[in-house]
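Inspection log for the structure reproduced underneath, given as structure tokens.
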Amino acid sequence: GTTLQQVKDAGVLTVGTEGTYRPFSFHQGGQGELSGYDVEVVSAVADKLGGEAKFEETQWDAISAGLDAGRFDVIANQVTINDERKAKYDFSAPYTVSRGVIVTQADNNDISSFADLQGRTTAQSLSSNWYQLAKDSGAQVEAVEGWAQSVSLLEQGRVDATVNDKLTYLDYQATNQNEKIKIAAETPETSESALAFRKGSTDLVEAVDKALGELRQDG
């Protein structure tokens, strides 16, 4: 793992993120400055640790491998906490709580629950927890690189649905007001996302949790 002292000595917390996942990690206008909720949170945490965040952008399906290889110290990209990931990585305290949703074409009345995904086609990033949820629901998955490609395939009628984060859908609609798609169903339970570290980053995670606590206290 990465120790707190290593981060302090370097003056830098190296962060893996996509840079293409609104509203969490993205470039304004597609080519402006890197911004988003995850970017702001981890930058504020790095500042609390006495350094600055240095971002390494990579596709979601390669992001875990980048952490494993030591390309960065932490992933800040809405990594949902689940048992499989907890067995492999250390996690900070959660900083996002959301639900999963099924998004379909607006005129689709055949899908209104996760059970209705049985035998249907969905568009998903292969290493995301939404991929696993779609598979567990019986869907046939078309691999995509992210949300934008999922929406494109959905609009073209090449897939029946996509499963993703409700916050992503709401942010997309706030900007695009796309009347061609809708939320058909959502998960009854919430999911929690956190910063992910290599195993053994114990004192760094403790310092990050302290920083997150202080950030919560001051709003």
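By order of appearance in the structure tokens: chains A, B, ..., then residues from 1 within every chain, and ligands from 1 in the order shown.
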**Report entry** Sel. of strand (DSSP E or B) residues, segment 17-201 of chain A, as a PyMOL selection string
**Finding:** chain A and resi 17+20-21+25-27+34-35+52-57+74-80+89-91+96-98+100-105+121-124+140-143+161-165+181-186+191-198
Report task. Find the residues around Asp209 of chain A up to 12 Å (only C-alpha atoms counted), leave out those fewer than 2 positions away in its own chain, and share them as an MDAnalysis selection string. Result -> chainID A and resid 41:42 45:46 48:49 90:95 194:196 202:207 211:216
Next, write the just-selected residues to a file, as a short mmCIF file (atom, residue, chain, number, x, y, z; two decimals), in the first residue's frame, keeping C-alpha atoms as the atom set.
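Saved result, part-v2.cif, follows:
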```
data_model
loop_
_atom_site.label_atom_id
_atom_site.label_comp_id
_atom_site.auth_asym_id
_atom_site.auth_seq_id
_atom_site.Cartn_x
_atom_site.Cartn_y
_atom_site.Cartn_z
CA VAL A 41 -13.62 15.90 -2.90
CA VAL A 42 -10.23 14.24 -3.42
CA VAL A 45 -8.71 15.73 0.96
CA ALA A 46 -5.21 16.07 -0.54
CA LYS A 48 -5.99 18.45 4.21
CA LEU A 49 -3.09 15.98 3.98
CA ASP A 90 -8.88 -0.63 1.34
CA PHE A 91 -11.73 1.90 1.29
CA SER A 92 -12.26 5.29 2.85
CA ALA A 93 -15.51 6.22 4.52
CA PRO A 94 -18.28 6.63 1.89
CA TYR A 95 -18.72 10.10 0.40
CA ALA A 194 -15.67 5.66 -1.53
CA LEU A 195 -12.01 6.27 -2.34
CA ALA A 196 -10.19 2.99 -3.09
CA THR A 202 -3.89 1.78 6.60
CA ASP A 203 -2.54 5.04 8.02
CA LEU A 204 -3.25 6.87 4.75
CA VAL A 205 -6.88 5.72 4.83
CA GLU A 206 -7.17 6.81 8.46
CA ALA A 207 -5.85 10.28 7.55
CA ALA A 211 -10.05 14.73 6.36
CA LEU A 212 -13.46 13.63 5.05
CA GLY A 213 -14.89 14.04 8.56
CA GLU A 214 -13.54 17.57 8.80
CA LEU A 215 -14.95 18.40 5.35
CA ARG A 216 -18.37 17.14 6.41
#
```
Which residues of segment 131-189 of chain A come within 12 Å of segment 78-81 of chain A, and what is each one's closest atom pair and distance in Å (one decimal), counting only C-alpha atoms, sorted by chain and residue number, as a Markdown table?
```
| residue | atom | partner | partner_atom | distance |
| --- | --- | --- | --- | --- |
| A:Gln132 | CA | A:Thr80 | CA | 11.9 |
| A:Asn164 | CA | A:Gln78 | CA | 11.5 |
| A:Asp165 | CA | A:Gln78 | CA | 9.5 |
| A:Leu167 | CA | A:Gln78 | CA | 10.8 |
| A:Thr168 | CA | A:Gln78 | CA | 10.6 |
```
Residue subset to file, keeping all heavy atoms, as a PDB file, in the first residue's frame:
```pdb
ATOM      1  N   GLN A 132     -22.641  -5.985 -13.247  1.00  0.00           N
ATOM      2  CA  GLN A 132     -22.964  -7.175 -12.467  1.00  0.00           C
ATOM      3  C   GLN A 132     -24.448  -7.234 -12.137  1.00  0.00           C
ATOM      4  O   GLN A 132     -25.079  -8.298 -12.198  1.00  0.00           O
ATOM      5  CB  GLN A 132     -22.142  -7.204 -11.176  1.00  0.00           C
ATOM      6  CG  GLN A 132     -22.162  -8.555 -10.466  1.00  0.00           C
ATOM      7  CD  GLN A 132     -21.619  -9.674 -11.345  1.00  0.00           C
ATOM      8  OE1 GLN A 132     -20.543  -9.573 -11.899  1.00  0.00           O
ATOM      9  NE2 GLN A 132     -22.397 -10.748 -11.498  1.00  0.00           N
ATOM     10  N   ASN A 164     -27.478   2.194 -14.555  1.00  0.00           N
ATOM     11  CA  ASN A 164     -26.425   3.116 -14.141  1.00  0.00           C
ATOM     12  C   ASN A 164     -26.817   3.819 -12.852  1.00  0.00           C
ATOM     13  O   ASN A 164     -27.824   3.495 -12.227  1.00  0.00           O
ATOM     14  CB  ASN A 164     -26.130   4.124 -15.261  1.00  0.00           C
ATOM     15  CG  ASN A 164     -24.681   4.543 -15.295  1.00  0.00           C
ATOM     16  OD1 ASN A 164     -24.189   5.212 -14.390  1.00  0.00           O
ATOM     17  ND2 ASN A 164     -23.973   4.153 -16.355  1.00  0.00           N
ATOM     18  N   ASP A 165     -26.027   4.819 -12.487  1.00  0.00           N
ATOM     19  CA  ASP A 165     -26.239   5.572 -11.263  1.00  0.00           C
ATOM     20  C   ASP A 165     -27.321   6.629 -11.473  1.00  0.00           C
ATOM     21  O   ASP A 165     -27.324   7.330 -12.483  1.00  0.00           O
ATOM     22  CB  ASP A 165     -24.910   6.240 -10.871  1.00  0.00           C
ATOM     23  CG  ASP A 165     -24.964   6.890  -9.514  1.00  0.00           C
ATOM     24  OD1 ASP A 165     -25.593   7.955  -9.397  1.00  0.00           O
ATOM     25  OD2 ASP A 165     -24.383   6.346  -8.572  1.00  0.00           O
ATOM     26  N   LEU A 167     -27.728   9.443 -10.009  1.00  0.00           N
ATOM     27  CA  LEU A 167     -27.167  10.796 -10.039  1.00  0.00           C
ATOM     28  C   LEU A 167     -26.629  11.144 -11.427  1.00  0.00           C
ATOM     29  O   LEU A 167     -26.739  12.278 -11.880  1.00  0.00           O
ATOM     30  CB  LEU A 167     -26.063  10.942  -8.992  1.00  0.00           C
ATOM     31  CG  LEU A 167     -26.488  10.794  -7.534  1.00  0.00           C
ATOM     32  CD1 LEU A 167     -25.268  10.847  -6.618  1.00  0.00           C
ATOM     33  CD2 LEU A 167     -27.503  11.860  -7.145  1.00  0.00           C
ATOM     34  N   THR A 168     -26.042  10.155 -12.089  1.00  0.00           N
ATOM     35  CA  THR A 168     -25.554  10.373 -13.454  1.00  0.00           C
ATOM     36  C   THR A 168     -26.712  10.709 -14.392  1.00  0.00           C
ATOM     37  O   THR A 168     -26.630  11.640 -15.202  1.00  0.00           O
ATOM     38  CB  THR A 168     -24.814   9.118 -13.963  1.00  0.00           C
ATOM     39  OG1 THR A 168     -23.685   8.874 -13.124  1.00  0.00           O
ATOM     40  CG2 THR A 168     -24.340   9.285 -15.389  1.00  0.00           C
TER      41      THR A 168
END
```
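Across the structure, atom CA of Gly200 of chain A and atom CA of Lys8 of chain A are spaced 16.8 Å apart.
Of note, atom CA of Asp171 of chain A and atom CA of Pro188 of chain A are spaced 20.4 Å apart.
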Taking 4 positions as the minimum chain separation for residues in the same chain, which residues sit within 9 Å of Gly70 of chain A when counting only C-alpha atoms? Answer as a PDB file with all heavy atoms, in the first residue's frame.
```
ATOM      1  N   GLY A   1       0.826  -1.207   0.000  1.00  0.00           N
ATOM      2  CA  GLY A   1       0.000   0.000   0.000  1.00  0.00           C
ATOM      3  C   GLY A   1       0.855   1.250   0.000  1.00  0.00           C
ATOM      4  O   GLY A   1       2.079   1.197  -0.030  1.00  0.00           O
ATOM      5  N   THR A   2       0.179   2.384   0.018  1.00  0.00           N
ATOM      6  CA  THR A   2       0.843   3.687   0.103  1.00  0.00           C
ATOM      7  C   THR A   2       0.686   4.203   1.521  1.00  0.00           C
ATOM      8  O   THR A   2      -0.405   4.157   2.093  1.00  0.00           O
ATOM      9  CB  THR A   2       0.193   4.690  -0.873  1.00  0.00           C
ATOM     10  OG1 THR A   2       0.250   4.155  -2.194  1.00  0.00           O
ATOM     11  CG2 THR A   2       0.921   6.034  -0.841  1.00  0.00           C
ATOM     12  N   ALA A  65      -6.537  -1.941 -12.547  1.00  0.00           N
ATOM     13  CA  ALA A  65      -5.199  -2.428 -12.905  1.00  0.00           C
ATOM     14  C   ALA A  65      -4.155  -1.338 -12.674  1.00  0.00           C
ATOM     15  O   ALA A  65      -3.025  -1.620 -12.263  1.00  0.00           O
ATOM     16  CB  ALA A  65      -5.178  -2.887 -14.357  1.00  0.00           C
ATOM     17  N   GLY A  66      -4.526  -0.084 -12.927  1.00  0.00           N
ATOM     18  CA  GLY A  66      -3.610   1.030 -12.690  1.00  0.00           C
ATOM     19  C   GLY A  66      -3.280   1.195 -11.230  1.00  0.00           C
ATOM     20  O   GLY A  66      -2.130   1.478 -10.865  1.00  0.00           O
ATOM     21  N   ARG A 198      -4.804   0.594  -2.448  1.00  0.00           N
ATOM     22  CA  ARG A 198      -4.218  -0.738  -2.346  1.00  0.00           C
ATOM     23  C   ARG A 198      -4.247  -1.201  -0.888  1.00  0.00           C
ATOM     24  O   ARG A 198      -4.151  -0.390   0.039  1.00  0.00           O
ATOM     25  CB  ARG A 198      -2.769  -0.733  -2.855  1.00  0.00           C
ATOM     26  CG  ARG A 198      -2.639  -0.681  -4.363  1.00  0.00           C
ATOM     27  CD  ARG A 198      -1.188  -0.829  -4.828  1.00  0.00           C
ATOM     28  NE  ARG A 198      -0.347   0.235  -4.309  1.00  0.00           N
ATOM     29  CZ  ARG A 198      -0.304   1.477  -4.809  1.00  0.00           C
ATOM     30  NH1 ARG A 198      -1.076   1.804  -5.831  1.00  0.00           N
ATOM     31  NH2 ARG A 198       0.489   2.385  -4.295  1.00  0.00           N
TER      32      ARG A 198
END
```
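Distance check against Phe197 of chain A using only C-alpha atoms: of A:Lys135, A:Arg22, A:His27, A:Lys86, the minimum falls on A:Lys86.
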Report task. May I ask which of the residues A:Ser150, A:Gln28, A:Gln177, A:Asn129 is the closest one to Asp61 of chain A, counting only C-alpha atoms? Result -> A:Asn129
Query raised in the report: Using only C-alpha atoms, which residues sit within 12 Å of Phe55 of chain A once same-chain residues fewer than 3 positions away are excluded, as a count of residues only?
Result: 28
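Of note, atom CA of Lys182 of chain A and atom CA of Arg99 of chain A are spaced 15.1 Å apart.
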Query raised in the report: What residues in segment 108-200 of chain A get the DSSP label helix (DSSP H, G or I)? Please answer as a VMD selection string.
Result: chain A and resid 114 to 117 129 to 136 147 to 155 166 to 176
